[in-house]
Amino acid sequence: MRSAQTQAVTLVLISGIVIALAGAAYMWGKPMIEKRSTITQFTSAVRFMEDLDKEIVEIARSCVTPEACEESLSLPIRGMMNVNSNNNSITYEFVITQPLLTEGEIPINTGNTGEVAAYGEKPGVIMMKGETAGDVYKLRFTLHYRELYSERQGRGYKINLQGSGAGTSKVSITYSGSETLTSQGWYGGDLILSKINIQVV
């Protein structure tokens with residue numbers, strides 16, 4: 001009888017120790033798990049923004065008629081995407097569990113972030129910013145299109161985003177034609193606009 005009681009007490013003690021160790025390991029490992037999860041989200045978002053830029057640029061360069069060119073991409077992380085045609089930009093933000101960046105914006109795909117760049121550079125500039133609101137951390141990515149100027153041709157080229165609104169799941173990209181604006185380029189030459197319609201759902 002005493003042996004059975006001793007075994008029961010031993011079992012309870014061992015179970016308690018195992019639970020305590022598991023709890024300690026979880027509390028110790030949770031920040032590392034969350035950090036790894038945040039890094040994975042960051043990597044997925046960067047890849048998505050680069051793919052989005054690639055699709056928009058490809059459609060702007062290669063499409064001739066609006067009917068022939070349309071692509072769509074799904075957002076990799078549940079968040080909010082906004083299209084701002086006035087600022088010629090797309091913004092994508094989502095909540096993360098660990099802070100990555102809390103002050104200022106950093107460029108993702110180019111070191112030259114000027115509003116006008118030489119023809120041959122990237123037309124779309126991707127910027128990232130971390131934000132903190134109380135206990136909530138957010139990452140915000142902005143894809144902005146600028147003018148590329150060809151000194152040899154004496155004119156500029158620009159992707160012109162159209163559409164507005166916000167969504168959480170998918171973005172659709174459609175070619176809407178081109179337009180030449182006489183003497184409205186940054187250096188006084190003509191400005192050729194490639195119009196891209198963006199719809200987010």
# chains A, B, ... in the order shown; residues from 1 in each chain; ligands from 1

$ residues_around --residues "Leu100 (chain A)" --least-positions-apart "2" --cutoff "12 Å" --atoms "only C-alpha atoms" --output "ChimeraX atom specification"
/A:34-43,95-98,102-106,128-132,137-140

$ write_last_selection --atoms "C-alpha atoms" --output "CSV table (one decimal), in the first residue's frame"
chain,number,residue,atom,x,y,z
A,34,GLU,CA,7.4,35.2,-32.8
A,35,LYS,CA,10.6,36.8,-34.2
A,36,ARG,CA,11.0,34.0,-36.7
A,37,SER,CA,7.3,34.4,-37.7
A,38,THR,CA,7.8,38.1,-38.1
A,39,ILE,CA,10.9,37.6,-40.3
A,40,THR,CA,8.9,35.1,-42.4
A,41,GLN,CA,6.1,37.7,-42.9
A,42,PHE,CA,8.6,40.4,-43.8
A,43,THR,CA,10.3,38.1,-46.4
A,95,VAL,CA,0.1,43.6,-38.1
A,96,ILE,CA,3.2,41.8,-36.8
A,97,THR,CA,4.0,40.3,-33.4
A,98,GLN,CA,7.5,41.7,-33.0
A,102,THR,CA,10.2,51.8,-35.7
A,103,GLU,CA,11.5,55.0,-37.2
A,104,GLY,CA,11.8,56.3,-40.7
A,105,GLU,CA,11.4,54.6,-44.0
A,106,ILE,CA,14.0,52.4,-45.8
A,128,MET,CA,9.2,50.0,-45.9
A,129,LYS,CA,8.3,51.5,-42.6
A,130,GLY,CA,7.6,50.0,-39.1
A,131,GLU,CA,4.9,51.6,-36.9
A,132,THR,CA,4.0,51.1,-33.3
A,137,TYR,CA,3.3,46.6,-34.4
A,138,LYS,CA,2.7,47.1,-38.1
A,139,LEU,CA,4.8,46.9,-41.3
A,140,ARG,CA,3.9,49.3,-44.1

$ residues_around --residues "region 171-179 of chain A" --least-positions-apart "6" --cutoff "8 Å" --atoms "only C-alpha atoms" --output "list in words"
Glu55, Ile56, Ile59, Ala60, Cys63, Val64, Thr65, Pro66, Glu67, Cys69, Glu70, Glu71, Ser72, Leu73, Ser74, Leu75, Ile192, Leu193, Ser194, Lys195, Ile196, Asn197, Ile198, Gln199, Val200 and Val201 of chain A

$ write_last_selection --atoms "N, CA and C atoms" --output "CSV table (one decimal), in the first residue's frame"
chain,number,residue,atom,x,y,z
A,55,GLU,N,5.1,42.8,-62.2
A,55,GLU,CA,3.9,42.6,-63.1
A,55,GLU,C,3.4,43.9,-63.7
A,56,ILE,N,3.4,45.0,-62.8
A,56,ILE,CA,3.0,46.3,-63.3
A,56,ILE,C,3.9,46.8,-64.4
A,59,ILE,N,3.5,44.7,-67.7
A,59,ILE,CA,2.3,45.1,-68.4
A,59,ILE,C,2.4,46.4,-69.1
A,60,ALA,N,3.0,47.4,-68.4
A,60,ALA,CA,3.2,48.8,-68.9
A,60,ALA,C,4.1,48.7,-70.1
A,63,CYS,N,2.3,45.7,-73.2
A,63,CYS,CA,0.9,45.6,-73.6
A,63,CYS,C,0.6,46.7,-74.7
A,64,VAL,N,-0.2,46.3,-75.6
A,64,VAL,CA,-0.6,47.2,-76.7
A,64,VAL,C,-2.1,47.6,-76.5
A,65,THR,N,-2.9,46.6,-76.3
A,65,THR,CA,-4.4,46.8,-76.1
A,65,THR,C,-4.8,46.4,-74.7
A,66,PRO,N,-5.8,47.1,-74.1
A,66,PRO,CA,-6.2,46.8,-72.7
A,66,PRO,C,-6.8,45.4,-72.6
A,67,GLU,N,-7.4,44.9,-73.6
A,67,GLU,CA,-8.1,43.6,-73.5
A,67,GLU,C,-7.1,42.4,-73.3
A,69,CYS,N,-4.1,42.4,-71.7
A,69,CYS,CA,-3.2,42.4,-70.5
A,69,CYS,C,-4.0,42.5,-69.2
A,70,GLU,N,-3.9,41.5,-68.4
A,70,GLU,CA,-4.5,41.5,-67.1
A,70,GLU,C,-3.9,40.4,-66.2
A,71,GLU,N,-3.5,40.8,-65.0
A,71,GLU,CA,-2.9,39.9,-64.1
A,71,GLU,C,-3.5,40.1,-62.7
A,72,SER,N,-3.3,39.1,-61.8
A,72,SER,CA,-3.8,39.3,-60.4
A,72,SER,C,-2.9,38.6,-59.5
A,73,LEU,N,-2.7,39.1,-58.3
A,73,LEU,CA,-1.9,38.6,-57.3
A,73,LEU,C,-2.7,38.5,-56.0
A,74,SER,N,-2.5,37.5,-55.2
A,74,SER,CA,-3.1,37.4,-53.9
A,74,SER,C,-2.2,37.9,-52.8
A,75,LEU,N,-2.7,38.6,-51.8
A,75,LEU,CA,-1.9,39.1,-50.7
A,75,LEU,C,-1.4,37.9,-49.9
A,192,ILE,N,5.4,60.5,-71.5
A,192,ILE,CA,4.6,59.4,-72.0
A,192,ILE,C,4.1,58.6,-70.8
A,193,LEU,N,2.8,58.6,-70.7
A,193,LEU,CA,2.2,57.8,-69.5
A,193,LEU,C,1.7,56.5,-70.0
A,194,SER,N,2.0,55.5,-69.2
A,194,SER,CA,1.4,54.1,-69.4
A,194,SER,C,0.4,53.9,-68.3
A,195,LYS,N,-0.8,53.9,-68.6
A,195,LYS,CA,-1.9,53.8,-67.6
A,195,LYS,C,-2.2,52.4,-67.2
A,196,ILE,N,-2.1,52.2,-65.9
A,196,ILE,CA,-2.4,50.9,-65.3
A,196,ILE,C,-3.5,51.0,-64.3
A,197,ASN,N,-4.5,50.2,-64.5
A,197,ASN,CA,-5.7,50.2,-63.6
A,197,ASN,C,-5.5,49.2,-62.5
A,198,ILE,N,-5.6,49.6,-61.2
A,198,ILE,CA,-5.4,48.7,-60.1
A,198,ILE,C,-6.7,48.6,-59.3
A,199,GLN,N,-7.1,47.4,-59.1
A,199,GLN,CA,-8.3,47.1,-58.3
A,199,GLN,C,-8.0,46.1,-57.2
A,200,VAL,N,-8.4,46.5,-56.0
A,200,VAL,CA,-8.1,45.7,-54.8
A,200,VAL,C,-9.4,45.2,-54.2
A,201,VAL,N,-9.5,43.9,-53.9
A,201,VAL,CA,-10.7,43.4,-53.2
A,201,VAL,C,-10.3,42.6,-52.0

$ residues_around --residues "Asn112 (chain A)" --least-positions-apart "2" --cutoff "12 Å" --atoms "only C-alpha atoms" --output "list in words"
Ile106, Pro107, Ile108, Asn109, Thr110, Gly114, Glu115, Val116, Ala117, Ala118, Glu121, Lys122, Pro123, Gly124, Val125, Ile126, Met127, Arg146 and Leu148 of chain A

$ closest_residue --among "A:Phe94, A:Asn88, A:Arg152, A:Lys170" --to "Ser44 (chain A)" --atoms "only C-alpha atoms"
A:Phe94

$ closest_residue --among "A:Asn82, A:Asn160, A:Thr142, A:Thr182" --to "Glu50 (chain A)" --atoms "only C-alpha atoms"
A:Thr142

$ atom_distance --atom1 "CA of Val83 (chain A)" --atom2 "CA of Phe48 (chain A)"
15.6 Å

$ select_by_dssp --residues "region 51-184 of chain A" --states "helix (DSSP H, G or I)" --output "ChimeraX atom specification"
/A:51-62,66-68

$ write_last_selection --atoms "C-alpha atoms" --output "CSV table (one decimal), in the first residue's frame"
chain,number,residue,atom,x,y,z
A,51,ASP,CA,6.4,40.6,-57.8
A,52,LEU,CA,3.7,43.3,-57.9
A,53,ASP,CA,6.1,45.9,-59.2
A,54,LYS,CA,7.4,43.4,-61.8
A,55,GLU,CA,3.9,42.6,-63.1
A,56,ILE,CA,3.0,46.3,-63.3
A,57,VAL,CA,6.2,47.2,-65.2
A,58,GLU,CA,5.9,44.2,-67.5
A,59,ILE,CA,2.3,45.1,-68.4
A,60,ALA,CA,3.2,48.8,-68.9
A,61,ARG,CA,6.1,47.9,-71.2
A,62,SER,CA,4.6,45.0,-73.3
A,66,PRO,CA,-6.2,46.8,-72.7
A,67,GLU,CA,-8.1,43.6,-73.5
A,68,ALA,CA,-4.9,41.5,-73.8

$ select_by_dssp --residues "region 91-171 of chain A" --states "strand (DSSP E)" --output "ChimeraX atom specification"
/A:91-96,105-107,116-118,124-133,136-145,147-150,155-162,164-167,170-171

$ write_last_selection --atoms "N, CA and C atoms" --output "compact mmCIF listing (two decimals), in the first residue's frame"
# COMPACT_ATOMS: atom_id res chain seq x y z
N THR A 91 -0.15 51.11 -51.22
CA THR A 91 0.31 50.87 -49.85
C THR A 91 -0.24 49.55 -49.34
N TYR A 92 0.64 48.78 -48.69
CA TYR A 92 0.25 47.47 -48.13
C TYR A 92 0.76 47.42 -46.70
N GLU A 93 -0.16 47.22 -45.73
CA GLU A 93 0.26 47.15 -44.33
C GLU A 93 -0.43 46.02 -43.60
N PHE A 94 0.26 45.48 -42.59
CA PHE A 94 -0.29 44.38 -41.81
C PHE A 94 0.34 44.38 -40.43
N VAL A 95 -0.31 43.67 -39.51
CA VAL A 95 0.13 43.61 -38.11
C VAL A 95 1.15 42.49 -37.95
N ILE A 96 2.19 42.75 -37.14
CA ILE A 96 3.20 41.75 -36.81
C ILE A 96 3.31 41.64 -35.29
N GLU A 105 11.67 55.51 -42.96
CA GLU A 105 11.43 54.57 -44.04
C GLU A 105 12.76 54.12 -44.62
N ILE A 106 12.79 52.90 -45.11
CA ILE A 106 14.00 52.42 -45.78
C ILE A 106 13.63 51.90 -47.17
N PRO A 107 14.47 52.14 -48.17
CA PRO A 107 14.20 51.62 -49.51
C PRO A 107 14.49 50.13 -49.58
N VAL A 116 12.54 61.80 -59.83
CA VAL A 116 12.90 61.61 -61.23
C VAL A 116 14.23 60.87 -61.28
N ALA A 117 14.31 59.88 -62.18
CA ALA A 117 15.54 59.11 -62.32
C ALA A 117 15.83 58.92 -63.80
N ALA A 118 17.06 58.54 -64.09
CA ALA A 118 17.45 58.31 -65.48
C ALA A 118 16.75 57.09 -66.04
N GLY A 124 9.58 51.97 -60.27
CA GLY A 124 8.85 51.86 -59.02
C GLY A 124 9.79 51.77 -57.83
N VAL A 125 9.56 52.60 -56.82
CA VAL A 125 10.38 52.60 -55.61
C VAL A 125 9.56 51.98 -54.47
N ILE A 126 10.10 50.92 -53.87
CA ILE A 126 9.44 50.25 -52.75
C ILE A 126 10.09 50.71 -51.46
N MET A 127 9.27 51.25 -50.56
CA MET A 127 9.74 51.71 -49.26
C MET A 127 9.05 50.92 -48.16
N MET A 128 9.76 50.71 -47.04
CA MET A 128 9.18 50.01 -45.89
C MET A 128 9.31 50.86 -44.65
N LYS A 129 8.26 50.80 -43.81
CA LYS A 129 8.29 51.54 -42.55
C LYS A 129 7.61 50.71 -41.47
N GLY A 130 8.22 50.68 -40.29
CA GLY A 130 7.62 50.02 -39.14
C GLY A 130 6.89 51.04 -38.29
N GLU A 131 5.73 50.66 -37.76
CA GLU A 131 4.94 51.57 -36.94
C GLU A 131 4.54 50.88 -35.66
N THR A 132 4.44 51.66 -34.58
CA THR A 132 4.00 51.13 -33.30
C THR A 132 2.81 51.94 -32.82
N ALA A 133 1.72 51.24 -32.47
CA ALA A 133 0.53 51.88 -31.92
C ALA A 133 0.14 51.11 -30.66
N VAL A 136 0.56 47.22 -30.51
CA VAL A 136 0.44 46.68 -31.87
C VAL A 136 1.58 47.19 -32.73
N TYR A 137 2.21 46.26 -33.45
CA TYR A 137 3.29 46.60 -34.38
C TYR A 137 2.78 46.37 -35.81
N LYS A 138 3.14 47.27 -36.71
CA LYS A 138 2.74 47.15 -38.10
C LYS A 138 3.94 47.33 -39.02
N LEU A 139 3.85 46.69 -40.17
CA LEU A 139 4.79 46.95 -41.26
C LEU A 139 4.00 47.56 -42.41
N ARG A 140 4.54 48.62 -42.98
CA ARG A 140 3.87 49.27 -44.11
C ARG A 140 4.83 49.36 -45.29
N PHE A 141 4.39 48.85 -46.42
CA PHE A 141 5.16 48.92 -47.66
C PHE A 141 4.46 49.86 -48.63
N THR A 142 5.23 50.71 -49.30
CA THR A 142 4.67 51.63 -50.29
C THR A 142 5.42 51.46 -51.60
N LEU A 143 4.66 51.27 -52.68
CA LEU A 143 5.22 51.18 -54.03
C LEU A 143 4.80 52.43 -54.79
N HIS A 144 5.77 53.28 -55.09
CA HIS A 144 5.48 54.56 -55.74
C HIS A 144 6.18 54.62 -57.10
N TYR A 145 5.44 55.09 -58.13
CA TYR A 145 6.01 55.18 -59.47
C TYR A 145 6.39 56.62 -59.81
N GLU A 147 8.88 59.35 -62.58
CA GLU A 147 9.24 59.57 -63.98
C GLU A 147 10.67 59.12 -64.24
N LEU A 148 10.85 58.43 -65.38
CA LEU A 148 12.18 58.10 -65.87
C LEU A 148 12.45 58.96 -67.09
N TYR A 149 13.55 59.71 -67.05
CA TYR A 149 13.83 60.67 -68.11
C TYR A 149 14.97 60.17 -69.01
N SER A 150 14.70 60.21 -70.31
CA SER A 150 15.72 59.85 -71.30
C SER A 150 16.31 61.14 -71.88
N ARG A 155 12.69 63.11 -73.52
CA ARG A 155 11.33 62.95 -72.99
C ARG A 155 11.33 61.98 -71.80
N GLY A 156 10.22 62.00 -71.08
CA GLY A 156 10.11 61.16 -69.90
C GLY A 156 9.05 60.09 -70.05
N TYR A 157 9.16 59.08 -69.22
CA TYR A 157 8.22 57.95 -69.22
C TYR A 157 7.75 57.74 -67.78
N LYS A 158 6.48 57.44 -67.64
CA LYS A 158 5.95 57.26 -66.29
C LYS A 158 4.78 56.29 -66.29
N ILE A 159 4.77 55.39 -65.33
CA ILE A 159 3.61 54.52 -65.11
C ILE A 159 2.61 55.30 -64.28
N ASN A 160 1.40 55.40 -64.81
CA ASN A 160 0.35 56.17 -64.15
C ASN A 160 -0.70 55.22 -63.58
N LEU A 161 -0.74 55.14 -62.24
CA LEU A 161 -1.69 54.25 -61.58
C LEU A 161 -3.08 54.87 -61.55
N GLN A 162 -4.06 54.08 -61.93
CA GLN A 162 -5.46 54.50 -61.86
C GLN A 162 -6.21 53.54 -60.96
N SER A 164 -8.80 53.23 -57.27
CA SER A 164 -8.75 53.68 -55.88
C SER A 164 -9.40 52.62 -55.00
N GLY A 165 -9.42 52.89 -53.71
CA GLY A 165 -10.07 51.95 -52.80
C GLY A 165 -9.08 51.08 -52.06
N ALA A 166 -9.63 50.14 -51.31
CA ALA A 166 -8.82 49.28 -50.44
C ALA A 166 -9.38 47.87 -50.45
N GLY A 167 -8.53 46.90 -50.08
CA GLY A 167 -8.95 45.52 -50.01
C GLY A 167 -8.00 44.70 -49.17
N LYS A 170 -6.91 40.40 -52.69
CA LYS A 170 -6.35 40.23 -54.04
C LYS A 170 -6.24 41.57 -54.75
N VAL A 171 -5.21 41.70 -55.59
CA VAL A 171 -5.05 42.90 -56.40
C VAL A 171 -5.03 42.51 -57.87

$ closest_residue --among "A:Pro76, A:Gly163, A:Tyr119, A:Gln153" --to "Ser89 (chain A)" --atoms "only C-alpha atoms"
A:Gly163

$ atom_distance --atom1 "CA of Met81 (chain A)" --atom2 "CA of Ala45 (chain A)"
11.7 Å
